[in-house]
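As provided, coords.cif (mmCIF, C-alpha atoms and all ligand atoms) reads as follows.
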```
data_protein
loop_
_atom_site.label_atom_id
_atom_site.label_comp_id
_atom_site.auth_asym_id
_atom_site.auth_seq_id
_atom_site.Cartn_x
_atom_site.Cartn_y
_atom_site.Cartn_z
CA MET I 1 132.29 83.97 83.76
CA LYS I 2 128.78 84.61 82.48
CA VAL I 3 127.73 83.27 79.08
CA ALA I 4 124.44 83.38 77.15
CA LYS I 5 123.62 79.84 76.08
CA LEU I 6 120.84 78.92 73.70
CA TYR I 7 119.12 75.54 74.08
CA THR I 8 116.11 76.27 71.92
CA PHE I 9 115.08 79.55 70.41
CA ASP I 10 112.83 80.27 73.39
CA ASP I 11 115.25 78.93 75.96
CA ILE I 12 118.30 81.17 76.34
CA ARG I 13 120.00 80.90 79.72
CA ILE I 14 122.67 82.96 81.42
CA GLU I 15 125.10 80.43 82.86
CA ASP I 16 128.35 80.55 84.78
CA ILE I 17 131.24 78.58 83.32
CA PRO I 18 134.98 78.68 84.12
CA ILE I 19 137.15 81.23 82.34
CA PRO I 20 139.04 79.18 79.71
CA GLU I 21 142.70 78.23 80.22
CA VAL I 22 144.94 80.21 77.90
CA GLY I 23 147.04 77.88 75.70
CA SER I 24 150.50 78.95 74.52
CA ASN I 25 149.08 80.01 71.14
CA ASP I 26 145.81 81.58 72.30
CA ALA I 27 144.73 84.97 73.49
CA LEU I 28 142.03 85.61 76.06
CA ILE I 29 139.79 88.54 75.19
CA LYS I 30 137.58 90.39 77.65
CA VAL I 31 134.45 91.06 75.61
CA LYS I 32 133.16 94.66 75.73
CA ALA I 33 130.44 94.66 73.08
CA CYS I 34 128.64 92.04 71.00
CA GLY I 35 125.88 92.65 68.48
CA ILE I 36 122.89 90.40 67.87
CA CYS I 37 123.02 89.27 64.24
CA SER I 38 120.00 88.69 62.01
CA GLY I 39 121.42 85.20 61.48
CA ASP I 40 121.28 84.57 65.23
CA VAL I 41 117.50 85.00 65.14
CA MET I 42 116.78 82.57 62.32
CA PRO I 43 115.40 79.84 64.61
CA TRP I 44 116.03 76.89 62.22
CA TYR I 45 119.62 78.04 61.67
CA ILE I 46 120.63 78.64 65.23
CA GLU I 47 118.73 75.68 66.76
CA ASN I 48 120.67 73.43 64.39
CA LYS I 49 123.80 74.34 66.33
CA ALA I 50 122.22 74.26 69.81
CA PRO I 51 123.12 74.08 72.59
CA LEU I 52 125.62 76.86 71.99
CA VAL I 53 126.94 80.10 73.44
CA ILE I 54 125.50 82.56 70.95
CA GLY I 55 126.93 85.73 69.45
CA HIS I 56 129.75 86.26 66.97
CA GLU I 57 129.86 90.04 66.35
CA PHE I 58 132.11 90.75 69.29
CA CYS I 59 134.86 93.16 70.18
CA GLY I 60 137.03 93.47 73.26
CA VAL I 61 140.36 93.96 74.92
CA VAL I 62 143.27 91.53 75.25
CA GLU I 63 143.34 90.18 78.80
CA ARG I 64 146.10 87.61 78.46
CA ILE I 65 148.41 86.29 75.72
CA GLY I 66 149.82 82.76 75.42
CA SER I 67 153.58 82.41 75.98
CA ASP I 68 154.45 81.46 72.38
CA LEU I 69 152.34 84.23 70.91
CA LYS I 70 154.45 86.79 72.73
CA THR I 71 157.33 85.89 70.40
CA THR I 72 155.41 84.91 67.24
CA MET I 73 153.04 87.87 67.36
CA PRO I 74 154.94 90.63 69.16
CA LEU I 75 152.56 93.26 67.78
CA ILE I 76 149.64 92.07 69.91
CA ASN I 77 149.82 93.14 73.53
CA GLU I 78 147.73 92.81 76.63
CA GLY I 79 145.41 95.82 76.80
CA ASP I 80 145.04 96.10 73.01
CA ARG I 81 141.50 96.77 71.79
CA LEU I 82 140.74 94.34 68.99
CA PHE I 83 138.21 93.36 66.39
CA ILE I 84 138.45 89.61 65.80
CA HIS I 85 136.51 87.70 63.18
CA HIS I 86 134.93 84.54 64.55
CA HIS I 87 136.32 82.53 61.61
CA ALA I 88 139.72 82.78 59.95
CA PRO I 89 140.95 81.45 56.60
CA CYS I 90 144.30 79.73 55.96
CA LEU I 91 145.23 82.22 53.17
CA LYS I 92 147.14 79.43 51.36
CA CYS I 93 144.58 77.04 49.85
CA LYS I 94 143.13 77.40 46.37
CA LYS I 95 139.87 78.82 47.76
CA CYS I 96 141.74 81.50 49.67
CA LEU I 97 143.94 82.36 46.70
CA ARG I 98 140.78 82.91 44.65
CA GLY I 99 139.40 85.18 47.39
CA ASP I 100 136.73 82.63 48.38
CA TYR I 101 137.77 82.81 52.03
CA VAL I 102 134.49 81.61 53.48
CA GLN I 103 134.77 78.38 51.46
CA CYS I 104 138.22 77.62 52.92
CA ARG I 105 138.17 74.50 55.09
CA THR I 106 140.21 76.21 57.80
CA TRP I 107 137.72 79.11 57.84
CA LYS I 108 134.80 76.74 58.33
CA GLU I 109 136.56 74.76 61.06
CA SER I 110 138.07 77.70 62.94
CA LYS I 111 136.17 78.97 65.94
CA ILE I 112 136.34 81.07 69.02
CA TYR I 113 135.48 79.64 72.43
CA PRO I 114 132.83 79.62 73.81
CA GLY I 115 131.06 82.30 71.68
CA GLY I 116 130.72 86.06 71.54
CA LEU I 117 128.10 86.52 74.25
CA SER I 118 130.49 85.61 77.00
CA GLU I 119 132.50 87.72 79.42
CA TYR I 120 135.71 86.23 78.03
CA VAL I 121 136.51 84.63 74.70
CA LEU I 122 139.44 82.38 73.87
CA VAL I 123 140.86 83.18 70.44
CA PRO I 124 143.23 80.81 68.57
CA GLU I 125 146.32 82.09 66.79
CA ILE I 126 144.91 81.78 63.27
CA HIS I 127 142.18 84.36 63.98
CA LEU I 128 144.75 86.73 65.43
CA LYS I 129 147.04 86.27 62.43
CA HIS I 130 144.51 86.30 59.60
CA ASP I 131 141.47 88.34 60.57
CA THR I 132 142.13 90.64 63.53
CA LEU I 133 142.30 94.43 63.50
CA LEU I 134 143.59 96.81 66.14
CA LEU I 135 140.98 99.50 66.87
CA SER I 136 142.20 103.05 66.50
CA ASP I 137 141.78 105.34 69.52
CA THR I 138 138.92 107.06 67.73
CA MET I 139 136.91 103.83 67.47
CA THR I 140 134.63 102.50 70.19
CA TYR I 141 134.08 98.86 71.10
CA GLU I 142 130.65 99.14 69.50
CA ASP I 143 132.31 100.35 66.28
CA GLY I 144 134.47 97.24 66.52
CA ALA I 145 131.44 95.01 67.01
CA MET I 146 129.92 96.49 63.83
CA ILE I 147 132.94 95.66 61.63
CA GLU I 148 131.72 92.13 60.85
CA PRO I 149 128.17 93.02 59.77
CA ILE I 150 129.43 95.98 57.75
CA ALA I 151 132.06 93.72 56.14
CA CYS I 152 129.30 91.34 55.02
CA VAL I 153 127.73 94.26 53.15
CA VAL I 154 131.10 95.31 51.70
CA LYS I 155 131.35 91.85 50.14
CA SER I 156 127.73 91.90 48.99
CA LEU I 157 128.17 95.26 47.28
CA ARG I 158 131.35 94.11 45.56
CA ARG I 159 129.31 91.25 44.13
CA ALA I 160 126.43 93.57 43.27
CA ASN I 161 128.83 95.50 41.02
CA ILE I 162 126.73 98.68 40.99
CA GLN I 163 127.55 101.01 38.08
CA LYS I 164 127.16 104.76 38.00
CA ASP I 165 123.53 105.76 37.34
CA ASP I 166 122.14 102.32 38.22
CA ASN I 167 118.77 101.85 39.86
CA VAL I 168 119.42 99.96 43.08
CA VAL I 169 116.65 98.24 45.03
CA VAL I 170 117.18 97.00 48.57
CA VAL I 171 114.51 94.57 49.75
CA GLY I 172 114.29 94.49 53.56
CA LEU I 173 115.39 97.53 55.57
CA GLY I 174 116.62 95.99 58.78
CA VAL I 175 120.11 96.96 59.82
CA MET I 176 121.75 94.97 57.01
CA GLY I 177 119.45 96.47 54.39
CA LEU I 178 120.16 99.94 55.74
CA ILE I 179 123.92 99.37 55.59
CA HIS I 180 123.41 98.45 51.92
CA VAL I 181 121.48 101.71 51.43
CA ILE I 182 124.24 103.77 53.07
CA LEU I 183 127.18 102.12 51.32
CA SER I 184 125.62 101.77 47.87
CA ARG I 185 125.77 105.58 47.56
CA GLN I 186 129.56 105.32 47.02
CA TYR I 187 128.92 103.84 43.57
CA LEU I 188 126.94 106.92 42.46
CA PRO I 189 123.71 105.14 41.53
CA SER I 190 120.90 107.04 39.88
CA ARG I 191 118.61 106.09 42.75
CA VAL I 192 118.43 103.79 45.73
CA ILE I 193 114.97 102.45 46.48
CA GLY I 194 114.19 100.68 49.75
CA ILE I 195 111.33 98.24 50.24
CA ASP I 196 109.90 97.10 53.58
CA ARG I 197 106.64 96.95 55.50
CA VAL I 198 107.74 98.51 58.82
CA PRO I 199 107.17 102.30 58.91
CA PHE I 200 110.10 102.86 61.33
CA ARG I 201 112.50 101.12 58.98
CA LEU I 202 111.18 102.92 55.89
CA LYS I 203 111.72 106.23 57.66
CA LYS I 204 115.25 105.23 58.66
CA ALA I 205 116.06 104.31 55.05
CA MET I 206 115.12 107.84 53.94
CA GLU I 207 117.31 109.28 56.70
CA PHE I 208 120.20 107.10 55.57
CA GLY I 209 120.07 108.23 51.95
CA ALA I 210 117.43 106.23 50.09
CA ASP I 211 115.77 108.29 47.34
CA THR I 212 112.44 106.51 47.59
CA VAL I 213 110.91 103.93 49.88
CA ILE I 214 108.01 101.64 49.16
CA ASN I 215 105.76 100.17 51.84
CA ILE I 216 104.69 96.84 50.38
CA GLU I 217 101.78 96.67 52.79
CA GLU I 218 100.28 99.70 51.09
CA GLU I 219 101.69 99.83 47.59
CA ASN I 220 102.33 97.55 44.65
CA ALA I 221 106.11 97.63 44.61
CA PHE I 222 106.42 96.35 41.06
CA GLU I 223 104.06 99.00 39.66
CA MET I 224 105.81 101.69 41.67
CA LEU I 225 109.22 100.60 40.41
CA MET I 226 107.99 100.59 36.81
CA GLU I 227 106.85 104.15 37.27
CA ILE I 228 109.86 105.47 39.18
CA THR I 229 112.38 103.89 36.79
CA ASN I 230 110.55 104.62 33.51
CA ARG I 231 109.91 100.90 33.06
CA GLU I 232 113.61 100.13 33.31
CA LEU I 233 113.25 98.42 36.70
CA ALA I 234 116.33 97.74 38.81
CA ASN I 235 119.86 97.19 37.60
CA VAL I 236 120.73 95.72 40.97
CA VAL I 237 118.42 94.15 43.57
CA ILE I 238 119.67 93.07 46.97
CA VAL I 239 117.42 90.75 48.98
CA CYS I 240 117.95 90.67 52.74
CA PRO I 241 114.95 88.98 54.45
CA ASN I 242 115.17 85.25 55.09
CA SER I 243 112.13 84.30 53.01
CA ILE I 244 111.55 82.73 49.63
CA GLU I 245 108.69 85.20 49.05
CA ALA I 246 111.11 88.11 49.36
CA ILE I 247 113.52 86.40 46.96
CA LYS I 248 110.74 85.86 44.39
CA GLU I 249 109.65 89.47 44.76
CA GLY I 250 113.25 90.53 44.32
CA ILE I 251 113.61 88.64 41.06
CA SER I 252 110.52 90.37 39.69
CA TYR I 253 112.17 93.77 40.30
CA VAL I 254 115.27 93.04 38.19
CA GLY I 255 115.35 94.79 34.82
CA ASP I 256 117.01 93.54 31.61
CA GLY I 257 120.71 92.85 32.10
CA GLY I 258 120.37 93.31 35.85
CA ARG I 259 121.62 91.41 38.83
CA LEU I 260 120.10 90.00 41.99
CA VAL I 261 122.19 89.47 45.12
CA LEU I 262 120.95 86.92 47.63
CA PHE I 263 122.12 88.30 50.95
CA THR I 264 120.12 85.59 52.71
CA PRO I 265 119.50 81.87 52.58
CA ALA I 266 115.96 80.51 52.29
CA ARG I 267 114.42 78.39 55.00
CA PRO I 268 115.44 74.72 54.90
CA LYS I 269 113.82 72.69 52.10
CA GLU I 270 112.37 75.80 50.44
CA LYS I 271 112.95 75.72 46.70
CA LEU I 272 113.01 78.56 44.24
CA GLU I 273 111.26 78.02 40.93
CA ILE I 274 112.86 80.02 38.19
CA ASP I 275 111.65 80.86 34.69
CA VAL I 276 114.98 80.10 33.06
CA ASN I 277 114.06 81.56 29.70
CA ASP I 278 112.97 84.83 31.25
CA LEU I 279 116.31 84.99 33.04
CA TYR I 280 118.27 83.87 30.00
CA PHE I 281 116.81 86.15 27.37
CA ARG I 282 116.80 89.11 29.70
CA ASP I 283 120.39 88.29 30.75
CA ILE I 284 119.68 88.43 34.45
CA SER I 285 122.25 87.08 36.85
CA ILE I 286 121.77 85.86 40.38
CA THR I 287 124.61 85.82 42.82
CA THR I 288 124.97 85.07 46.52
CA SER I 289 126.90 86.76 49.28
CA TYR I 290 127.55 84.70 52.39
CA SER I 291 129.50 86.13 55.34
CA CYS I 292 132.82 87.93 54.75
CA GLY I 293 136.59 87.50 54.69
CA PRO I 294 139.67 89.43 55.83
CA GLN I 295 139.67 91.79 52.86
CA ASP I 296 136.09 92.80 53.65
CA THR I 297 136.75 93.39 57.34
CA LYS I 298 139.69 95.65 56.47
CA GLU I 299 137.49 97.67 54.12
CA ALA I 300 134.72 97.88 56.73
CA TYR I 301 137.26 99.12 59.26
CA GLU I 302 138.38 101.86 56.86
CA LEU I 303 134.78 102.92 56.15
CA ILE I 304 134.14 103.35 59.87
CA TYR I 305 137.52 104.97 60.50
CA ASN I 306 136.90 107.50 57.71
CA GLY I 307 133.40 108.27 58.92
CA GLN I 308 131.71 106.97 55.75
CA ILE I 309 129.45 104.97 58.02
CA VAL I 310 128.69 105.75 61.65
CA PRO I 311 127.81 102.55 63.50
CA SER I 312 126.22 104.31 66.47
CA HIS I 313 123.51 105.64 64.14
CA LEU I 314 122.48 102.06 63.49
CA ILE I 315 122.35 100.91 67.11
CA THR I 316 118.87 101.39 68.55
CA HIS I 317 119.01 99.29 71.72
CA ARG I 318 121.60 98.30 74.29
CA PHE I 319 121.34 95.59 76.95
CA PRO I 320 123.57 93.96 79.55
CA ILE I 321 124.39 90.26 79.07
CA THR I 322 121.75 89.30 81.65
CA GLN I 323 119.08 90.54 79.23
CA VAL I 324 120.16 88.69 76.10
CA LYS I 325 116.75 87.06 75.88
CA ASP I 326 115.07 90.47 75.54
CA ALA I 327 117.66 91.50 72.98
CA PHE I 328 116.88 88.38 70.96
CA THR I 329 113.14 88.86 71.11
CA LEU I 330 113.48 92.46 69.99
CA THR I 331 115.72 91.54 67.04
CA TYR I 332 113.43 88.67 66.06
CA LYS I 333 110.33 90.88 66.05
CA ALA I 334 112.02 93.10 63.45
CA GLN I 335 109.96 96.21 64.17
CA ASP I 336 111.23 99.47 65.67
CA SER I 337 114.77 98.23 66.19
CA LEU I 338 117.93 98.08 64.12
CA LYS I 339 121.16 96.77 65.65
CA VAL I 340 120.70 95.54 69.19
CA MET I 341 123.96 95.60 71.11
CA ILE I 342 125.00 93.78 74.26
CA ASN I 343 127.46 95.77 76.36
CA LEU I 344 129.68 93.96 78.83
ZN ZN W 401 126.70 88.47 61.85
ZN ZN W 402 142.19 78.60 52.82
#
```
Mind turning this structure into structure tokens?
Ligand SMILES: [Zn+2]
Ligand SMILES: [Zn+2]
Amino acid sequence: MKVAKLYTFDDIRIEDIPIPEVGSNDALIKVKACGICSGDVMPWYIENKAPLVIGHEFCGVVERIGSDLKTTMPLINEGDRLFIHHHAPCLKCKKCLRGDYVQCRTWKESKIYPGGLSEYVLVPEIHLKHDTLLLSDTMTYEDGAMIEPIACVVKSLRRANIQKDDNVVVVGLGVMGLIHVILSRQYLPSRVIGIDRVPFRLKKAMEFGADTVINIEEENAFEMLMEITNRELANVVIVCPNSIEAIKEGISYVGDGGRLVLFTPARPKEKLEIDVNDLYFRDISITTSYSCGPQDTKEAYELIYNGQIVPSHLITHRFPITQVKDAFTLTYKAQDSLKVMINL
């Protein structure tokens, strides 16, 4: 089977490896679609794990089921179209019981083999039991491949805790920023303001329901926000780009009593200097949102199923697996593209 293997960020090869043996408690999935994630194109992050078969936002159809699974999981059948999360929590440990699924040791250790950008993927039982969803007939494989990224935003927005009439600012209008724009409307904010420097992405944000967009190449975002919000600034700021500069900018947009959500890490060794007293006396909180758990994937599924978000609107480019390198370059450039999908 063909896989896309990354050695260094500039060295992604299409290789042939044997289709994995199916153990008694595994399922073999024929991959049909796999999205390129913004995390995949953070060179320092992905090269840390290299060499690896890249891709985790995958969706496919059950090709074969292990003998024991046929009795322990009679609801999963060959031919079923599934979304499967690439990690799965135990659902029993203290972290899981608190809802901190991504901090569960089992979640961190669980993995699919060899990776999403592969013609076939071997999935262990725990993924099938704890974070797998059967696609409805109305959902496409690409819809399925968008469940994970949308679920990450579901979690982020839960943490953002947007109240009715809030001013919401989304920094960075790549696909993840745009999903924030779309889904934040459910909380009936007063306005959603998007900030970016790429005209294509600013335009998309307006199409997807932002009230205002600010091009930071041309405008002073802080001054603009002061004006738009009557000096109130933002009640909630969500920062998506992987840069400490964006995080610092984001903090400056938070109004009194507001909240900042870090939807991104910084680059390794980067430190954030914070004026604690400014934060303290203005009662500003900072929270993180890393990845997503089974509750979030279920919610994302429902949002797609109910048409509250239409994944195909967010997919701008499609490639076969042989052109993964081009797909990566396009995503990395972060210009006139949103979700780049690999179809198999
Ligand atoms: Zn992802
Ligand atoms: Zn656990």
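Excluding Leu303 in chain I itself and same-chain residues fewer than 6 positions from it, the residues having an atom within 9 Å of it are Ile150, Ile309 and Val310 of chain I, counting all atoms listed in the file.
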For ligand ZN 401 (chain W), list the contacting residues at 7 Å or closer, counting all atoms listed in the file, as an NGL selection string.
:I and (37-39 or 56-57 or 148-149)
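For ligand ZN 402 (chain W), the set of protein, DNA and RNA residues within 6 Å, based on all atoms listed in the file, reads Pro89, Cys90, Leu91, Lys92, Cys93, Lys95, Cys96, Cys104 and Thr106 of chain I.
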Assuming 5 Å of padding per side, give the centre and edge lengths of the axis-aligned box around every listed atom of range 269-276 of chain I, in Å to one decimal and as AutoDock Vina command-line options.
```
--center_x 113.1 --center_y 76.8 --center_z 42.6 --size_x 13.7 --size_y 18.2 --size_z 29.0
```
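Between CA of Phe208 in chain I and CA of Ile182 in chain I there is a distance of 5.8 Å.
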If I take CA of Phe9 in chain I and CA of Trp107 in chain I, how far is one from the other in Å, to one decimal?
25.9 Å
For Gln323 in chain I, the nearest of the candidates I:Cys59, I:Met206, I:Val3, I:Ala234, counting all atoms listed in the file:
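Ranked by minimum distance to Gln323 in chain I, first place goes to I:Val3.
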From the options I:Thr322, I:Asn343, I:Gln335, I:Gln163, which residue's atoms come nearest to Asp196 in chain I, counting all atoms listed in the file?
I:Gln335
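Ranking I:His180, I:His86, I:Lys333, I:Lys325 by their shortest atom-to-atom distance to Ala4 in chain I, with all atoms listed in the file included, puts I:Lys325 first.
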Which of I:Ile36, I:Ser136, I:Val198, I:Asp80 sits closest to Gly116 in chain I [using only C-alpha atoms]:
I:Ile36
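Between Glu15 in chain I and the residues I:Glu119, I:Asp100, I:Arg259, I:Leu133, the shortest atom-to-atom distance, using only C-alpha atoms, involves I:Glu119.
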File output for range 152-169 of chain I (N, CA, C and O atoms) as a compact mmCIF listing (two decimals), in the first residue's frame:
```txt
# COMPACT_ATOMS: atom_id res chain seq x y z
N CYS I 152 -12.10 20.00 17.48
CA CYS I 152 -11.12 20.82 18.21
C CYS I 152 -11.69 22.20 18.48
O CYS I 152 -11.45 22.80 19.53
N VAL I 153 -12.47 22.72 17.54
CA VAL I 153 -13.08 24.05 17.72
C VAL I 153 -14.26 23.96 18.70
O VAL I 153 -14.48 24.88 19.49
N VAL I 154 -14.99 22.87 18.66
CA VAL I 154 -16.09 22.67 19.62
C VAL I 154 -15.53 22.79 21.04
O VAL I 154 -16.07 23.50 21.89
N LYS I 155 -14.41 22.12 21.28
CA LYS I 155 -13.78 22.17 22.61
C LYS I 155 -13.31 23.59 22.94
O LYS I 155 -13.55 24.11 24.02
N SER I 156 -12.67 24.22 21.95
CA SER I 156 -12.15 25.57 22.15
C SER I 156 -13.28 26.55 22.50
O SER I 156 -13.14 27.38 23.40
N LEU I 157 -14.41 26.41 21.81
CA LEU I 157 -15.51 27.34 22.07
C LEU I 157 -16.18 27.05 23.41
O LEU I 157 -16.70 27.95 24.06
N ARG I 158 -16.16 25.79 23.84
CA ARG I 158 -16.70 25.50 25.18
C ARG I 158 -15.85 26.24 26.20
O ARG I 158 -16.34 26.86 27.14
N ARG I 159 -14.52 26.19 25.99
CA ARG I 159 -13.62 26.87 26.92
C ARG I 159 -13.71 28.39 26.81
O ARG I 159 -13.49 29.10 27.78
N ALA I 160 -14.03 28.86 25.63
CA ALA I 160 -14.15 30.32 25.42
C ALA I 160 -15.34 30.87 26.18
O ALA I 160 -15.36 32.03 26.57
N ASN I 161 -16.37 30.04 26.38
CA ASN I 161 -17.53 30.41 27.18
C ASN I 161 -18.14 31.75 26.73
O ASN I 161 -18.35 32.65 27.54
N ILE I 162 -18.42 31.86 25.45
CA ILE I 162 -18.99 33.10 24.90
C ILE I 162 -20.40 33.32 25.45
O ILE I 162 -21.21 32.40 25.49
N GLN I 163 -20.67 34.54 25.90
CA GLN I 163 -22.00 34.90 26.41
C GLN I 163 -22.73 35.70 25.33
O GLN I 163 -22.10 36.31 24.46
N LYS I 164 -24.03 35.73 25.45
CA LYS I 164 -24.84 36.52 24.52
C LYS I 164 -24.34 37.98 24.55
O LYS I 164 -24.02 38.50 25.61
N ASP I 165 -24.28 38.58 23.38
CA ASP I 165 -23.85 39.98 23.22
C ASP I 165 -22.35 40.23 23.45
O ASP I 165 -21.93 41.37 23.55
N ASP I 166 -21.56 39.18 23.53
CA ASP I 166 -20.11 39.36 23.66
C ASP I 166 -19.51 39.87 22.35
O ASP I 166 -20.04 39.63 21.27
N ASN I 167 -18.37 40.54 22.49
CA ASN I 167 -17.53 40.83 21.32
C ASN I 167 -16.51 39.71 21.22
O ASN I 167 -15.75 39.48 22.18
N VAL I 168 -16.51 39.03 20.09
CA VAL I 168 -15.59 37.90 19.90
C VAL I 168 -14.57 38.26 18.83
O VAL I 168 -14.95 38.73 17.75
N VAL I 169 -13.30 38.06 19.14
CA VAL I 169 -12.25 38.32 18.15
C VAL I 169 -11.54 37.01 17.83
O VAL I 169 -11.13 36.28 18.74
```
